[in-house]
Amino acid sequence: MKKNSSLFRRRLACRLLAPLLALLPSALPAADLETAGTSLAFCLAGDMRSFTESPEPGKRFFDGAVEMMQRIGPGQFLISPGDFDPPAANRAIIDRYLGSRFPWYVIVGNHEVENAAVMPWVRDWLAADIPGVVRRGLPGTKLTFYSFDVGDSHFVAIDSYPLAKPGNPGDKGRVDLTDAAFRWLEDDLAATKKPLVWVIGHQPIESLPDMDSGRMRHQGESVSFDPDRAARFVTLLKQHRVLAYICGHTHNASVTKLEGGLWQLDSGHGRGGGDTGSPSTFLKVRISAGQAWVDVYRADPTGMNYQLRQTVALD
């Protein structure tokens with residue numbers, strides 16, 4: 001009973017403080033994102049689907065990760081590279097700990113595609129005022145293509161499932177990059193003058209084992225079922241000086257420089273104690289004077305006690 005009472009008081013305090021957290025310098029209002037300057041920080045967390053908040057004392061899900069972000073300073077915004085359903089419930093957790101004005105950028109994953117109940121929320125989000133938006137995606141696209149600027153960084157969100165029909169579970173594995181997607185992406189990358197460029201998708205370029213547990217999932221999967229098109233994607237990113245490709249899907253965290261020099265940041269999963277095959281993870285990216293670092297925070301098997309496990313310089 002004592003433990004439950006303590007947990008209740010902590011969560012109540014976070015709810016009461018949420019409006020004040022939105023005013024902190026680390027949580028810039030959306031209107032101020034363009035003036036963030038050469039110093040920037042943001043968090044990456046995804047694949048938390050169906051594990052928003054644990055009903056069990058002594059176990060945390062996505063809520064534990066977001067509370068830890070609040071403790072360390074979440075930066076200017078949060079990016080979720082796919083499988084963020086249920087979106088309304090997860091947005092409520094962000095509101096609780098980081099404030100209702102804290103920007104949250106989402107990229108559709110395979111589990112959003114297969115869930116017709118989720119896609120209206122995604123379409124409404126895409127139709128709203130995306131903070132810092134530069135360009136919205138392919139005419140007629142049903143999923144996420146958009147780009148946005150924050151400070152000295154340009155971010156491009158791509159759709160890994162252009163062949164899918166939202167709400168059709170059989171389409172969730174239809175992974176590809178169409179010729180139209182390549183043209184849109186090349187035009188967007190060619191137009192930006194920002195010194196740091198990041199591309200975000202759900203599917204990894206290369207599925208890699210977890211950095212700690214060694215677990216392997218979705219081995220052999222990539223941004224396209226066609227190896228030549230996947231290679232074309234990597235070549236395009238390198239031609240346009242993209243620093244890193246941000247992804248999820250595997251539930252296994254890794255920060256790796258791929259062959260050829262492109263960084264891949266796989267955010268793992270933010271399910272807390274809901275997935276014990278690899279530690280629950282969020283990444284915090286810090287940028288200063290043109291240099292970027294990635295801090296890897298990982299929880300214990302209960303989804304609690306997040307610790308900084310590693311810092312990687314993106315050289």
# chains A, B, ... in the order shown; residues from 1 in each chain; ligands from 1

call {"tool": "select_by_dssp", "arguments": {"residues": "range 88-297 of chain A", "states": "alpha helix (DSSP H)", "output": "VMD selection string"}}
result
chain A and resid 88 to 98 110 to 113 119 to 127 179 to 191 227 to 239

call {"tool": "residues_around", "arguments": {"residues": "Met68 in chain A", "least_positions_apart": "6", "cutoff": "9 Å", "atoms": "only C-alpha atoms", "output": "list in words"}}
result
Pro74, Met304, Asn305 and Tyr306 of chain A

call {"tool": "write_last_selection", "arguments": {"atoms": "C-alpha atoms", "output": "PDB file, in the first residue's frame"}}
result
ATOM      1  CA  PRO A  74      14.146  16.414 -23.262  1.00  0.00           C
ATOM      2  CA  MET A 304      12.661   1.767 -14.596  1.00  0.00           C
ATOM      3  CA  ASN A 305      16.043   3.166 -13.588  1.00  0.00           C
ATOM      4  CA  TYR A 306      17.116   4.509 -16.965  1.00  0.00           C
TER       5      TYR A 306
END

call {"tool": "residues_around", "arguments": {"residues": "Tyr297 in chain A", "least_positions_apart": "3", "cutoff": "9 Å", "atoms": "only C-alpha atoms", "output": "list in words"}}
result
Ala65, Ser280, Thr281, Phe282, Leu283, Lys284, Tyr306, Gln307, Leu308, Arg309 and Gln310 of chain A

call {"tool": "closest_residue", "arguments": {"among": "A:Leu243, A:Val285, A:Ala313, A:Val66", "to": "Phe42 in chain A", "atoms": "only C-alpha atoms"}}
result
A:Val285

call {"tool": "residues_around", "arguments": {"residues": "Glu67 in chain A", "least_positions_apart": "6", "cutoff": "10 Å", "atoms": "only C-alpha atoms", "output": "NGL selection string"}}
result
:A and (11 or 14 or 73-74 or 93-94 or 96-98 or 304 or 306)

call {"tool": "write_last_selection", "arguments": {"atoms": "C-alpha atoms", "output": "compact mmCIF listing (two decimals), in the first residue's frame"}}
result
# COMPACT_ATOMS: atom_id res chain seq x y z
CA ARG A 11 2.25 10.73 -10.90
CA CYS A 14 3.82 15.23 -12.65
CA GLY A 73 15.95 17.62 -20.14
CA PRO A 74 14.15 16.41 -23.26
CA ILE A 93 1.81 10.84 -21.53
CA ILE A 94 3.94 13.44 -23.32
CA ARG A 96 1.76 14.90 -18.58
CA TYR A 97 5.53 15.02 -18.30
CA LEU A 98 6.72 17.44 -21.01
CA MET A 304 12.66 1.77 -14.60
CA TYR A 306 17.12 4.51 -16.96
